[in-house]
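Here is the file coords05.pdb (PDB, C-alpha atoms and all ligand atoms).
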```
MODEL        1
ATOM      1  CA  MET A  23    -245.449  28.453 156.624
ATOM      2  CA  LYS A  24    -244.663  31.889 158.032
ATOM      3  CA  LYS A  25    -241.329  32.304 159.799
ATOM      4  CA  ASP A  26    -240.718  34.588 162.779
ATOM      5  CA  PHE A  27    -237.457  36.057 164.077
ATOM      6  CA  LEU A  28    -237.724  36.253 167.866
ATOM      7  CA  THR A  29    -234.213  35.136 168.839
ATOM      8  CA  LEU A  30    -231.078  34.048 166.980
ATOM      9  CA  GLN A  31    -232.265  30.466 167.491
ATOM     10  CA  ASP A  32    -234.820  31.141 164.765
ATOM     11  CA  ILE A  33    -232.268  31.059 161.941
ATOM     12  CA  THR A  34    -229.764  28.432 160.832
ATOM     13  CA  LYS A  35    -226.137  29.141 160.057
ATOM     14  CA  GLU A  36    -226.909  28.736 156.365
ATOM     15  CA  GLU A  37    -229.732  31.298 156.584
ATOM     16  CA  MET A  38    -227.407  33.682 158.453
ATOM     17  CA  TRP A  39    -224.933  33.544 155.548
ATOM     18  CA  GLN A  40    -227.771  34.100 153.056
ATOM     19  CA  VAL A  41    -228.857  37.198 155.006
ATOM     20  CA  PHE A  42    -225.258  38.495 155.104
ATOM     21  CA  ASP A  43    -224.737  37.931 151.355
ATOM     22  CA  LEU A  44    -227.911  39.861 150.583
ATOM     23  CA  ALA A  45    -227.108  42.576 153.164
ATOM     24  CA  ALA A  46    -223.668  43.126 151.590
ATOM     25  CA  LYS A  47    -225.269  43.454 148.155
ATOM     26  CA  LEU A  48    -227.937  45.860 149.441
ATOM     27  CA  LYS A  49    -225.235  47.919 151.161
ATOM     28  CA  ARG A  50    -223.174  48.150 147.950
ATOM     29  CA  GLU A  51    -226.181  49.012 145.816
ATOM     30  CA  ARG A  52    -228.005  51.352 148.200
ATOM     31  CA  GLY A  53    -229.889  54.038 146.270
ATOM     32  CA  LYS A  54    -229.294  52.280 142.924
ATOM     33  CA  SER A  55    -231.287  49.101 143.464
ATOM     34  CA  SER A  56    -234.672  48.302 141.940
ATOM     35  CA  PHE A  57    -235.038  45.429 144.422
ATOM     36  CA  LYS A  58    -238.542  45.956 145.894
ATOM     37  CA  PRO A  59    -239.654  42.701 147.550
ATOM     38  CA  LEU A  60    -242.038  44.573 149.899
ATOM     39  CA  GLU A  61    -243.929  46.312 147.079
ATOM     40  CA  GLY A  62    -247.637  46.378 148.000
ATOM     41  CA  LYS A  63    -246.899  45.259 151.545
ATOM     42  CA  SER A  64    -247.522  47.128 154.826
ATOM     43  CA  ILE A  65    -245.374  46.466 157.891
ATOM     44  CA  GLY A  66    -246.488  47.447 161.423
ATOM     45  CA  LEU A  67    -243.785  48.680 163.777
ATOM     46  CA  ILE A  68    -245.080  48.414 167.370
ATOM     47  CA  PHE A  69    -242.948  50.208 169.971
ATOM     48  CA  ALA A  70    -243.606  50.149 173.728
ATOM     49  CA  LYS A  71    -240.109  51.505 174.499
ATOM     50  CA  SER A  72    -237.998  54.396 173.179
ATOM     51  CA  SER A  73    -235.842  53.927 170.079
ATOM     52  CA  THR A  74    -233.688  55.874 167.658
ATOM     53  CA  ARG A  75    -231.757  53.312 165.552
ATOM     54  CA  THR A  76    -234.304  50.505 165.461
ATOM     55  CA  ARG A  77    -237.266  52.671 164.581
ATOM     56  CA  VAL A  78    -235.472  54.708 161.918
ATOM     57  CA  SER A  79    -233.616  51.777 160.336
ATOM     58  CA  PHE A  80    -236.816  49.717 160.084
ATOM     59  CA  GLU A  81    -238.907  52.612 158.732
ATOM     60  CA  VAL A  82    -236.275  53.514 156.145
ATOM     61  CA  GLY A  83    -235.627  49.845 155.384
ATOM     62  CA  VAL A  84    -239.288  49.026 154.673
ATOM     63  CA  HIS A  85    -239.555  52.134 152.520
ATOM     64  CA  GLU A  86    -236.400  51.285 150.521
ATOM     65  CA  LEU A  87    -237.744  47.759 149.856
ATOM     66  CA  GLY A  88    -240.925  49.256 148.371
ATOM     67  CA  GLY A  89    -243.224  48.691 151.354
ATOM     68  CA  ILE A  90    -245.168  50.973 153.683
ATOM     69  CA  PRO A  91    -244.030  51.207 157.327
ATOM     70  CA  LEU A  92    -246.664  52.016 159.966
ATOM     71  CA  TYR A  93    -245.274  53.243 163.281
ATOM     72  CA  LEU A  94    -247.565  52.183 166.139
ATOM     73  CA  ASP A  95    -246.970  53.557 169.632
ATOM     74  CA  GLN A  96    -248.007  50.633 171.841
ATOM     75  CA  GLY A  97    -249.182  53.042 174.534
ATOM     76  CA  LYS A  98    -251.712  54.487 172.087
ATOM     77  CA  MET A  99    -253.005  51.092 170.921
ATOM     78  CA  GLN A 100    -255.892  49.309 172.656
ATOM     79  CA  LEU A 101    -253.267  46.698 173.573
ATOM     80  CA  GLY A 102    -251.238  49.266 175.507
ATOM     81  CA  ARG A 103    -254.343  50.564 177.300
ATOM     82  CA  GLY A 104    -254.922  47.053 178.648
ATOM     83  CA  SER A 105    -258.174  46.977 176.726
ATOM     84  CA  GLU A 106    -257.336  44.213 174.205
ATOM     85  CA  THR A 107    -255.433  40.937 174.422
ATOM     86  CA  VAL A 108    -252.235  40.192 172.537
ATOM     87  CA  GLY A 109    -254.093  37.395 170.733
ATOM     88  CA  ASP A 110    -256.946  39.595 169.496
ATOM     89  CA  THR A 111    -254.432  42.257 168.429
ATOM     90  CA  ALA A 112    -252.488  39.621 166.466
ATOM     91  CA  HIS A 113    -255.619  38.362 164.686
ATOM     92  CA  VAL A 114    -256.721  41.880 163.742
ATOM     93  CA  LEU A 115    -253.293  43.047 162.545
ATOM     94  CA  SER A 116    -252.932  39.854 160.477
ATOM     95  CA  ARG A 117    -255.972  41.016 158.430
ATOM     96  CA  TYR A 118    -254.292  44.335 157.523
ATOM     97  CA  LEU A 119    -250.527  43.867 157.555
ATOM     98  CA  HIS A 120    -247.889  41.599 155.992
ATOM     99  CA  GLY A 121    -245.433  41.682 158.883
ATOM    100  CA  ILE A 122    -244.984  42.985 162.446
ATOM    101  CA  VAL A 123    -241.844  44.384 164.055
ATOM    102  CA  ILE A 124    -242.237  44.758 167.824
ATOM    103  CA  ARG A 125    -240.223  46.292 170.686
ATOM    104  CA  THR A 126    -241.664  45.660 174.114
ATOM    105  CA  TYR A 127    -240.910  44.514 177.699
ATOM    106  CA  GLY A 128    -241.493  40.807 178.349
ATOM    107  CA  HIS A 129    -240.323  38.338 175.712
ATOM    108  CA  ALA A 130    -243.388  36.159 176.404
ATOM    109  CA  GLU A 131    -245.594  38.877 174.891
ATOM    110  CA  VAL A 132    -243.686  38.687 171.609
ATOM    111  CA  GLU A 133    -243.873  34.886 171.656
ATOM    112  CA  GLU A 134    -247.637  35.056 172.142
ATOM    113  CA  LEU A 135    -247.993  37.606 169.353
ATOM    114  CA  ALA A 136    -245.984  35.372 166.996
ATOM    115  CA  ARG A 137    -247.992  32.297 168.009
ATOM    116  CA  THR A 138    -251.322  33.967 167.284
ATOM    117  CA  ALA A 139    -250.433  36.114 164.247
ATOM    118  CA  ASP A 140    -250.676  34.699 160.718
ATOM    119  CA  ILE A 141    -247.880  37.004 159.542
ATOM    120  CA  PRO A 142    -244.120  37.048 160.353
ATOM    121  CA  VAL A 143    -243.126  38.732 163.621
ATOM    122  CA  ILE A 144    -239.665  40.271 164.150
ATOM    123  CA  ASN A 145    -238.373  41.020 167.650
ATOM    124  CA  ALA A 146    -236.994  44.566 167.773
ATOM    125  CA  LEU A 147    -235.914  44.187 171.458
ATOM    126  CA  THR A 148    -237.430  42.678 174.562
ATOM    127  CA  ASN A 149    -236.072  42.659 178.116
ATOM    128  CA  GLU A 150    -234.475  39.301 177.267
ATOM    129  CA  TYR A 151    -233.260  39.489 173.637
ATOM    130  CA  HIS A 152    -232.216  41.902 170.862
ATOM    131  CA  PRO A 153    -231.564  39.602 167.881
ATOM    132  CA  CYS A 154    -231.593  42.270 165.120
ATOM    133  CA  GLN A 155    -228.800  44.125 166.923
ATOM    134  CA  LEU A 156    -226.581  41.071 167.247
ATOM    135  CA  LEU A 157    -227.218  39.929 163.679
ATOM    136  CA  ALA A 158    -225.991  43.351 162.506
ATOM    137  CA  ASP A 159    -223.046  43.134 164.919
ATOM    138  CA  LEU A 160    -221.970  39.757 163.494
ATOM    139  CA  PHE A 161    -222.138  41.308 160.029
ATOM    140  CA  THR A 162    -219.972  44.215 161.243
ATOM    141  CA  ILE A 163    -217.416  41.800 162.727
ATOM    142  CA  LEU A 164    -217.420  39.902 159.429
ATOM    143  CA  GLU A 165    -216.702  43.135 157.548
ATOM    144  CA  TYR A 166    -213.686  43.894 159.766
ATOM    145  CA  SER A 167    -212.297  40.370 160.326
ATOM    146  CA  GLY A 168    -213.317  38.758 157.024
ATOM    147  CA  LYS A 169    -214.462  35.626 158.901
ATOM    148  CA  LEU A 170    -216.698  34.361 161.692
ATOM    149  CA  ASP A 171    -215.028  31.481 163.520
ATOM    150  CA  SER A 172    -213.314  30.631 166.801
ATOM    151  CA  THR A 173    -210.192  32.628 165.875
ATOM    152  CA  VAL A 174    -212.309  35.797 166.287
ATOM    153  CA  LYS A 175    -212.194  36.637 170.013
ATOM    154  CA  VAL A 176    -214.997  38.803 171.389
ATOM    155  CA  GLY A 177    -215.521  39.950 174.970
ATOM    156  CA  PHE A 178    -218.671  41.468 176.466
ATOM    157  CA  PHE A 179    -218.265  43.507 179.683
ATOM    158  CA  GLY A 180    -220.998  44.487 182.138
ATOM    159  CA  ASP A 181    -224.541  43.196 182.516
ATOM    160  CA  GLY A 182    -224.185  39.504 181.692
ATOM    161  CA  ARG A 183    -227.945  38.923 181.767
ATOM    162  CA  SER A 184    -229.003  41.841 179.546
ATOM    163  CA  ASN A 185    -230.827  41.424 176.249
ATOM    164  CA  ILE A 186    -227.531  42.221 174.468
ATOM    165  CA  ALA A 187    -225.497  39.658 176.454
ATOM    166  CA  ASN A 188    -228.173  36.977 175.962
ATOM    167  CA  SER A 189    -228.333  37.605 172.236
ATOM    168  CA  MET A 190    -224.557  37.730 171.999
ATOM    169  CA  ILE A 191    -224.346  34.235 173.488
ATOM    170  CA  LEU A 192    -226.812  33.025 170.855
ATOM    171  CA  ALA A 193    -224.818  34.914 168.186
ATOM    172  CA  ALA A 194    -221.647  33.082 169.251
ATOM    173  CA  ARG A 195    -223.461  29.744 169.193
ATOM    174  CA  LEU A 196    -224.781  30.486 165.710
ATOM    175  CA  SER A 197    -221.577  31.797 164.152
ATOM    176  CA  GLY A 198    -218.829  29.962 166.070
ATOM    177  CA  ILE A 199    -216.958  33.086 167.249
ATOM    178  CA  ASP A 200    -215.128  32.800 170.586
ATOM    179  CA  LEU A 201    -216.988  34.714 173.324
ATOM    180  CA  VAL A 202    -216.218  35.635 176.905
ATOM    181  CA  ILE A 203    -218.939  37.283 178.978
ATOM    182  CA  CYS A 204    -217.294  39.278 181.769
ATOM    183  CA  SER A 205    -219.719  40.221 184.541
ATOM    184  CA  PRO A 206    -220.167  40.071 188.298
ATOM    185  CA  GLU A 207    -221.361  36.753 189.726
ATOM    186  CA  GLU A 208    -224.799  38.262 190.553
ATOM    187  CA  GLU A 209    -225.506  39.024 186.898
ATOM    188  CA  ARG A 210    -223.704  36.161 185.183
ATOM    189  CA  PRO A 211    -225.434  34.588 182.176
ATOM    190  CA  GLY A 212    -228.038  31.868 182.693
ATOM    191  CA  GLU A 213    -226.697  28.300 182.660
ATOM    192  CA  ALA A 214    -229.148  27.082 180.028
ATOM    193  CA  LEU A 215    -228.018  29.685 177.506
ATOM    194  CA  MET A 216    -224.333  28.749 177.933
ATOM    195  CA  ALA A 217    -224.750  24.967 178.199
ATOM    196  CA  GLY A 218    -223.032  22.888 175.545
ATOM    197  CA  ALA A 219    -221.268  25.842 173.874
ATOM    198  CA  PRO A 220    -217.486  25.299 174.166
ATOM    199  CA  ASN A 221    -216.845  28.650 172.430
ATOM    200  CA  VAL A 222    -218.690  30.651 175.159
ATOM    201  CA  ARG A 223    -217.375  31.172 178.695
ATOM    202  CA  TRP A 224    -217.969  33.422 181.695
ATOM    203  CA  GLU A 225    -215.198  35.295 183.518
ATOM    204  CA  ARG A 226    -215.474  37.460 186.624
ATOM    205  CA  CYS A 227    -212.152  39.291 186.263
ATOM    206  CA  PRO A 228    -212.058  42.088 183.606
ATOM    207  CA  GLU A 229    -208.233  42.033 183.340
ATOM    208  CA  LYS A 230    -208.225  38.297 182.591
ATOM    209  CA  ALA A 231    -211.145  38.545 180.151
ATOM    210  CA  ALA A 232    -209.629  41.417 178.128
ATOM    211  CA  LYS A 233    -206.390  39.631 177.217
ATOM    212  CA  GLY A 234    -205.952  39.153 173.472
ATOM    213  CA  LEU A 235    -209.492  40.156 172.467
ATOM    214  CA  ASN A 236    -210.199  41.317 168.908
ATOM    215  CA  TYR A 237    -213.473  43.006 169.887
ATOM    216  CA  ILE A 238    -214.625  44.524 173.158
ATOM    217  CA  TYR A 239    -218.384  45.105 173.510
ATOM    218  CA  THR A 240    -220.351  46.773 176.251
ATOM    219  CA  ASP A 241    -223.881  48.021 176.864
ATOM    220  CA  VAL A 242    -225.608  50.354 179.323
ATOM    221  CA  TRP A 243    -225.707  49.251 182.965
ATOM    222  CA  VAL A 244    -229.397  50.139 183.327
ATOM    223  CA  SER A 245    -231.470  48.804 180.462
ATOM    224  CA  MET A 246    -234.926  50.137 179.611
ATOM    225  CA  GLY A 247    -237.399  48.688 182.087
ATOM    226  CA  PHE A 248    -234.767  48.224 184.846
ATOM    227  CA  GLU A 249    -234.685  51.831 186.107
ATOM    228  CA  ASP A 250    -235.940  50.846 189.586
ATOM    229  CA  ASP A 251    -232.705  48.885 190.103
ATOM    230  CA  LYS A 252    -230.455  51.758 188.968
ATOM    231  CA  GLU A 253    -228.527  52.399 192.186
ATOM    232  CA  ARG A 254    -227.499  48.765 192.721
ATOM    233  CA  ARG A 255    -226.529  48.335 189.073
ATOM    234  CA  MET A 256    -224.344  51.467 188.937
ATOM    235  CA  GLN A 257    -222.357  50.118 191.910
ATOM    236  CA  LEU A 258    -222.247  46.514 190.763
ATOM    237  CA  PHE A 259    -221.026  47.116 187.216
ATOM    238  CA  ARG A 260    -218.522  49.900 187.999
ATOM    239  CA  PRO A 261    -215.490  47.511 187.931
ATOM    240  CA  TYR A 262    -216.584  46.394 184.436
ATOM    241  CA  GLN A 263    -216.191  49.790 182.771
ATOM    242  CA  VAL A 264    -214.414  49.632 179.393
ATOM    243  CA  ASN A 265    -211.572  52.142 179.656
ATOM    244  CA  ARG A 266    -208.034  52.673 178.310
ATOM    245  CA  LYS A 267    -206.567  50.255 180.860
ATOM    246  CA  ILE A 268    -208.877  47.374 179.882
ATOM    247  CA  PHE A 269    -208.619  48.213 176.196
ATOM    248  CA  GLY A 270    -204.815  48.194 176.443
ATOM    249  CA  LEU A 271    -204.854  44.511 177.476
ATOM    250  CA  ALA A 272    -206.656  43.439 174.303
ATOM    251  CA  ALA A 273    -205.059  42.629 170.914
ATOM    252  CA  PRO A 274    -203.310  45.640 169.302
ATOM    253  CA  ASP A 275    -205.969  45.879 166.554
ATOM    254  CA  CYS A 276    -208.909  45.463 168.969
ATOM    255  CA  LYS A 277    -212.124  47.232 167.960
ATOM    256  CA  PHE A 278    -214.771  48.659 170.268
ATOM    257  CA  LEU A 279    -218.446  47.740 169.828
ATOM    258  CA  HIS A 280    -221.562  49.169 171.516
ATOM    259  CA  CYS A 281    -225.198  48.802 170.462
ATOM    260  CA  LEU A 282    -225.814  52.449 171.501
ATOM    261  CA  PRO A 283    -227.100  54.592 173.094
ATOM    262  CA  ALA A 284    -223.863  54.904 175.125
ATOM    263  CA  HIS A 285    -223.299  56.641 178.455
ATOM    264  CA  ARG A 286    -219.816  58.181 178.465
ATOM    265  CA  GLU A 287    -217.852  57.625 181.699
ATOM    266  CA  GLU A 288    -220.304  54.941 182.829
ATOM    267  CA  GLU A 289    -219.960  51.644 180.911
ATOM    268  CA  VAL A 290    -217.322  53.160 178.567
ATOM    269  CA  THR A 291    -214.960  56.103 178.802
ATOM    270  CA  ALA A 292    -215.102  58.794 176.114
ATOM    271  CA  ASP A 293    -211.469  58.136 175.133
ATOM    272  CA  VAL A 294    -212.429  54.592 174.051
ATOM    273  CA  LEU A 295    -215.869  55.357 172.587
ATOM    274  CA  ASP A 296    -214.567  58.292 170.540
ATOM    275  CA  SER A 297    -211.272  56.640 169.526
ATOM    276  CA  PRO A 298    -210.384  55.369 166.022
ATOM    277  CA  ALA A 299    -210.814  51.804 167.381
ATOM    278  CA  SER A 300    -214.525  52.445 167.893
ATOM    279  CA  ILE A 301    -216.758  51.080 165.122
ATOM    280  CA  VAL A 302    -220.085  51.860 166.780
ATOM    281  CA  PHE A 303    -221.465  53.884 163.868
ATOM    282  CA  ASP A 304    -220.712  51.052 161.427
ATOM    283  CA  GLU A 305    -222.753  48.828 163.725
ATOM    284  CA  ALA A 306    -225.592  51.345 163.701
ATOM    285  CA  GLU A 307    -225.497  51.661 159.896
ATOM    286  CA  ASN A 308    -225.462  47.904 159.425
ATOM    287  CA  ARG A 309    -228.762  47.596 161.266
ATOM    288  CA  LEU A 310    -230.358  49.026 158.113
ATOM    289  CA  HIS A 311    -228.702  46.679 155.603
ATOM    290  CA  VAL A 312    -229.072  43.513 157.672
ATOM    291  CA  GLN A 313    -232.712  44.177 158.617
ATOM    292  CA  LYS A 314    -233.531  44.889 154.954
ATOM    293  CA  ALA A 315    -232.062  41.507 154.023
ATOM    294  CA  LEU A 316    -233.943  39.830 156.873
ATOM    295  CA  MET A 317    -237.283  41.390 155.879
ATOM    296  CA  ALA A 318    -236.711  40.533 152.206
ATOM    297  CA  LYS A 319    -236.388  36.887 153.246
ATOM    298  CA  LEU A 320    -239.069  36.637 155.943
ATOM    299  CA  ILE A 321    -241.717  38.948 154.487
ATOM    300  CA  GLY A 322    -240.667  39.490 150.864
ATOM    301  CA  GLY A 323    -240.328  35.771 150.093
ATOM    302  CA  CYS A 324    -236.749  36.096 148.730
TER
HETATM  303  N1  LIG A 401    -229.290  49.824 169.495
HETATM  304  C1  LIG A 401    -230.605  50.115 169.472
HETATM  305  O1  LIG A 401    -231.469  49.238 169.391
HETATM  306  O2  LIG A 401    -230.864  51.447 169.520
HETATM  307  P1  LIG A 401    -232.296  52.127 169.735
HETATM  308  O3  LIG A 401    -232.727  51.811 171.147
HETATM  309  O4  LIG A 401    -232.050  53.591 169.510
HETATM  310  O5  LIG A 401    -233.250  51.551 168.746
HETATM  311  N1  LIG A 402    -229.762  46.831 176.905
HETATM  312  C1  LIG A 402    -230.270  48.064 176.329
HETATM  313  C2  LIG A 402    -230.151  48.016 174.838
HETATM  314  C3  LIG A 402    -230.629  49.250 174.129
HETATM  315  C4  LIG A 402    -230.537  49.136 172.653
HETATM  316  C5  LIG A 402    -231.705  48.277 176.763
HETATM  317  O1  LIG A 402    -232.487  47.311 176.712
HETATM  318  O2  LIG A 402    -232.049  49.384 177.165
ENDMDL
END
```
Spit out the file's structure as structure tokens when you get a sec.
Ligand code: CP
Ligand code: NVA
Amino acid sequence: MKKDFLTLQDITKEEMWQVFDLAAKLKRERGKSSFKPLEGKSIGLIFAKSSTRTRVSFEVGVHELGGIPLYLDQGKMQLGRGSETVGDTAHVLSRYLHGIVIRTYGHAEVEELARTADIPVINALTNEYHPCQLLADLFTILEYSGKLDSTVKVGFFGDGRSNIANSMILAARLSGIDLVICSPEEERPGEALMAGAPNVRWERCPEKAAKGLNYIYTDVWVSMGFEDDKERRMQLFRPYQVNRKIFGLAAPDCKFLHCLPAHREEEVTADVLDSPASIVFDEAENRLHVQKALMAKLIGGC
């Protein structure tokens, strides 16, 4: 049975630890490893939105595992022209490829692709979820804290309904870390996502939310696909900026996280983003190692 990775609900806690063990090994042995589980396999990377980290880390990752990555601009595919259904595209690609990585707008499109394809599908970001990012972020937190449990306090500030916030809630549910989502009422996380998770809460007040945190995370105020709502969002999220004042309320060893790309002086000030407490480039690097481990398991049969 093929296995997809569309949200963090698609892996168990045990599988998460297996991915992290393999990712740590691949990180240690990068450039020296003869581990090639994707040898003879071709992986399609479909992108309908811009990307730097995701595209490069997946292309390099497939290559390092012995496979062939094929970058497919969704706008140049028959699918993107509105000339072919998701289902027909899935059937055709299943005859050529061994796995699909897709970044697009609506999550339902990725679900339909996964339902109709005979090969594993990995979500590389939709409007609703970004599971590869948060899996790498959990791995980064593990590297710094040495554990993933409720004693690790993480706070997310800003758009509480973004793909990053949604996936962070699922990441907290999966790993057991303590999470506060700090956002305005209008963009607070959906009830269903939070329900039954005692380690996840919502807080309106940034000063209250920041107290004692070990990690502060933020993301852009205007995600890809939400540009029409820019003016309202810039106003709404302004009080949720991560700056020296907010950072100063956190634990003394607090680290700063951001999926990137970052907008200095919008969701985060440069003095926080460029400070020694910022571990954003470790996060970016870990995308490579964690996604390699994930692909080795889902597509390489490891
Ligand atoms: N964090 C992230 O997914 O970056 P890209 O949009 O550059 O891929
Ligand atoms: N929330 C952002 C994440 C970018 C990696 C977006 O969707 O644009």
Could you list, as a ChimeraX atom specification, every residue within 9 Å of Leu101 in chain A, counting all atoms listed in the file and ignoring same-chain residues fewer than 6 positions away? /A:107-108,110-111
Fewer than 2 positions away in the same chain doesn't count, so skip those; otherwise give me all residues within 6 Å of range 211-217 of chain A, counting all atoms listed in the file, as a PyMOL selection string. chain A and resi 182-183+219
Closest contacts (chain A/ligand LIG 402 (chain A), max 8 Å, all atoms listed in the file) as a tab-separated table:
```
residue	atom	partner	partner_atom	distance
A:Ser73	CA	A:LIG402	C4	7.6
A:Leu147	CA	A:LIG402	O1	7.0
A:Thr148	CA	A:LIG402	O1	7.1
A:Asn149	CA	A:LIG402	O1	6.0
A:His152	CA	A:LIG402	C2	7.6
A:Gln155	CA	A:LIG402	C4	7.8
A:Ser184	CA	A:LIG402	N1	5.7
A:Asn185	CA	A:LIG402	N1	5.5
A:Ile186	CA	A:LIG402	N1	5.7
A:Asp241	CA	A:LIG402	N1	6.0
A:Val242	CA	A:LIG402	N1	6.0
A:Trp243	CA	A:LIG402	N1	7.7
A:Val244	CA	A:LIG402	O2	6.8
A:Ser245	CA	A:LIG402	O2	3.4
A:Met246	CA	A:LIG402	O2	3.9
A:Gly247	CA	A:LIG402	O2	7.3
A:Cys281	CA	A:LIG402	C4	5.8
A:Leu282	CA	A:LIG402	C4	5.9
A:Pro283	CA	A:LIG402	C4	6.5
```
May I have the residues within 6 Å of range 169-181 of chain A as number ranges by chain, using all atoms listed in the file and disregarding those fewer than 6 positions away in the same chain? A: 198-205, 235-240, 259, 262
As lines of an AutoDock Vina configuration file, what would the box around range 88-92 of chain A look like: edges along x, y and z, 6 Å added on every side, centre and edge lengths in Å to one decimal?
```
center_x = -243.8
center_y = 50.4
center_z = 154.2
size_x = 17.7
size_y = 15.3
size_z = 23.6
```
Can you list what the PyMOL selection byres (((chain A and resi 145) around 6) and not hetatm) grabs from this structure, as a ChimeraX atom specification? /A:28,124,144,146-147
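The space between CA of Leu94 in chain A and CA of Tyr118 in chain A spans 13.5 Å.
Restricting the calculation to all atoms listed in the file, the smallest distance between ligand LIG 401 (chain A) and any of A:Lys314, A:Lys35, A:Arg125, A:His85 is found for A:Arg125.
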In terms of only C-alpha atoms and all ligand atoms, the residue from A:Ser116, A:Thr76, A:Ser64, A:Ser55 at minimal distance from ligand LIG 401 (chain A) is A:Thr76
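A straight line drawn from CA of Val132 in chain A to CA of Leu279 in chain A is 26.9 Å long.
Take the candidates A:Leu48, A:Cys227, A:Ile321, A:Ala112 and check each one against Glu86 in chain A using only C-alpha atoms; the shortest distance goes to A:Leu48.
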For Glu37 in chain A, the nearest of the candidates A:Leu157, A:Val294, A:Ile163, A:Val84, counting all atoms listed in the file: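 Ranked by minimum distance to Glu37 in chain A, first place goes to A:Leu157.
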Selected by the PyMOL selection byres (((chain A and resi 58) around 9) and not hetatm) in the shown coordinates: which residues, as a list in words?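 So the PyMOL selection byres (((chain A and resi 58) around 9) and not hetatm) ends up selecting Ser55, Ser56, Phe57, Pro59, Leu60, Glu61, Glu86, Leu87, Gly88, Gly89, Ala318 and Gly322 of chain A.
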CA of Phe278 in chain A to atom O5 of ligand LIG 401 (chain A): how many Å, to one decimal? 18.8 Å
Which is closer to ligand LIG 401 (chain A) than all the others in A:Gly234, A:Pro206, A:Pro153, A:Gly270, using only C-alpha atoms and all ligand atoms?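 Checking each of A:Gly234, A:Pro206, A:Pro153, A:Gly270 against ligand LIG 401 (chain A), counting only C-alpha atoms and all ligand atoms, the winner is A:Pro153.
Minimum atom-to-atom distances from A:Ser72, A:Thr34, A:Thr29, A:Gln313 to ligand LIG 401 (chain A) were compared using all atoms listed in the file, and the lowest value belongs to A:Ser72.
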Using only C-alpha atoms - which residues lie no farther than 7 Å from the point (-243.0, 42.7, 163.6) in the file's frame? Write them as a VMD selection string. chain A and resid 66 to 67 121 to 124 142 to 145
Atoms to include: C-alpha atoms. Write the selected residues as a compact mmCIF listing (two decimals), in the frame of the given file.
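Listing of out19.txt after writing:
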```txt
# COMPACT_ATOMS: atom_id res chain seq x y z
CA GLY A 66 -246.49 47.45 161.42
CA LEU A 67 -243.78 48.68 163.78
CA GLY A 121 -245.43 41.68 158.88
CA ILE A 122 -244.98 42.98 162.45
CA VAL A 123 -241.84 44.38 164.06
CA ILE A 124 -242.24 44.76 167.82
CA PRO A 142 -244.12 37.05 160.35
CA VAL A 143 -243.13 38.73 163.62
CA ILE A 144 -239.66 40.27 164.15
CA ASN A 145 -238.37 41.02 167.65
```
To verify the selection step, state as a list in words which residues the PyMOL selection byres (((chain A and resi 95) around 9) and not hetatm) yields on this input. Leu67, Ile68, Phe69, Ala70, Lys71, Tyr93, Leu94, Gln96, Gly97, Lys98, Met99 and Gly102 of chain A
Incomplete range 235-245 of chain A filled out to N, CA and C atoms as an mmCIF file, in the coordinates of the input:
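Saved as selection_2.cif:
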```cif
data_model
loop_
_atom_site.group_PDB
_atom_site.id
_atom_site.type_symbol
_atom_site.label_atom_id
_atom_site.label_comp_id
_atom_site.auth_asym_id
_atom_site.auth_seq_id
_atom_site.Cartn_x
_atom_site.Cartn_y
_atom_site.Cartn_z
ATOM 1 N N LEU A 235 -208.213 40.053 173.195
ATOM 2 C CA LEU A 235 -209.492 40.156 172.467
ATOM 3 C C LEU A 235 -209.359 40.957 171.172
ATOM 4 N N ASN A 236 -210.134 40.561 170.165
ATOM 5 C CA ASN A 236 -210.199 41.317 168.908
ATOM 6 C C ASN A 236 -211.333 42.347 168.928
ATOM 7 N N TYR A 237 -212.331 42.084 169.776
ATOM 8 C CA TYR A 237 -213.473 43.006 169.887
ATOM 9 C C TYR A 237 -213.876 43.093 171.352
ATOM 10 N N ILE A 238 -214.081 44.319 171.819
ATOM 11 C CA ILE A 238 -214.625 44.524 173.158
ATOM 12 C C ILE A 238 -215.976 45.217 173.010
ATOM 13 N N TYR A 239 -217.005 44.634 173.651
ATOM 14 C CA TYR A 239 -218.384 45.105 173.510
ATOM 15 C C TYR A 239 -218.902 45.444 174.901
ATOM 16 N N THR A 240 -219.629 46.530 175.007
ATOM 17 C CA THR A 240 -220.351 46.773 176.251
ATOM 18 C C THR A 240 -221.712 47.386 175.942
ATOM 19 N N ASP A 241 -222.515 47.500 176.986
ATOM 20 C CA ASP A 241 -223.881 48.021 176.864
ATOM 21 C C ASP A 241 -224.181 48.792 178.149
ATOM 22 N N VAL A 242 -225.236 49.567 178.135
ATOM 23 C CA VAL A 242 -225.608 50.354 179.323
ATOM 24 C C VAL A 242 -225.772 49.443 180.550
ATOM 25 N N TRP A 243 -225.557 50.022 181.716
ATOM 26 C CA TRP A 243 -225.707 49.251 182.965
ATOM 27 C C TRP A 243 -227.157 49.185 183.421
ATOM 28 N N VAL A 244 -227.972 50.134 182.943
ATOM 29 C CA VAL A 244 -229.397 50.139 183.327
ATOM 30 C C VAL A 244 -230.229 50.114 182.039
ATOM 31 N N SER A 245 -230.672 48.944 181.681
ATOM 32 C CA SER A 245 -231.470 48.804 180.462
ATOM 33 C C SER A 245 -232.873 49.358 180.671
#
```
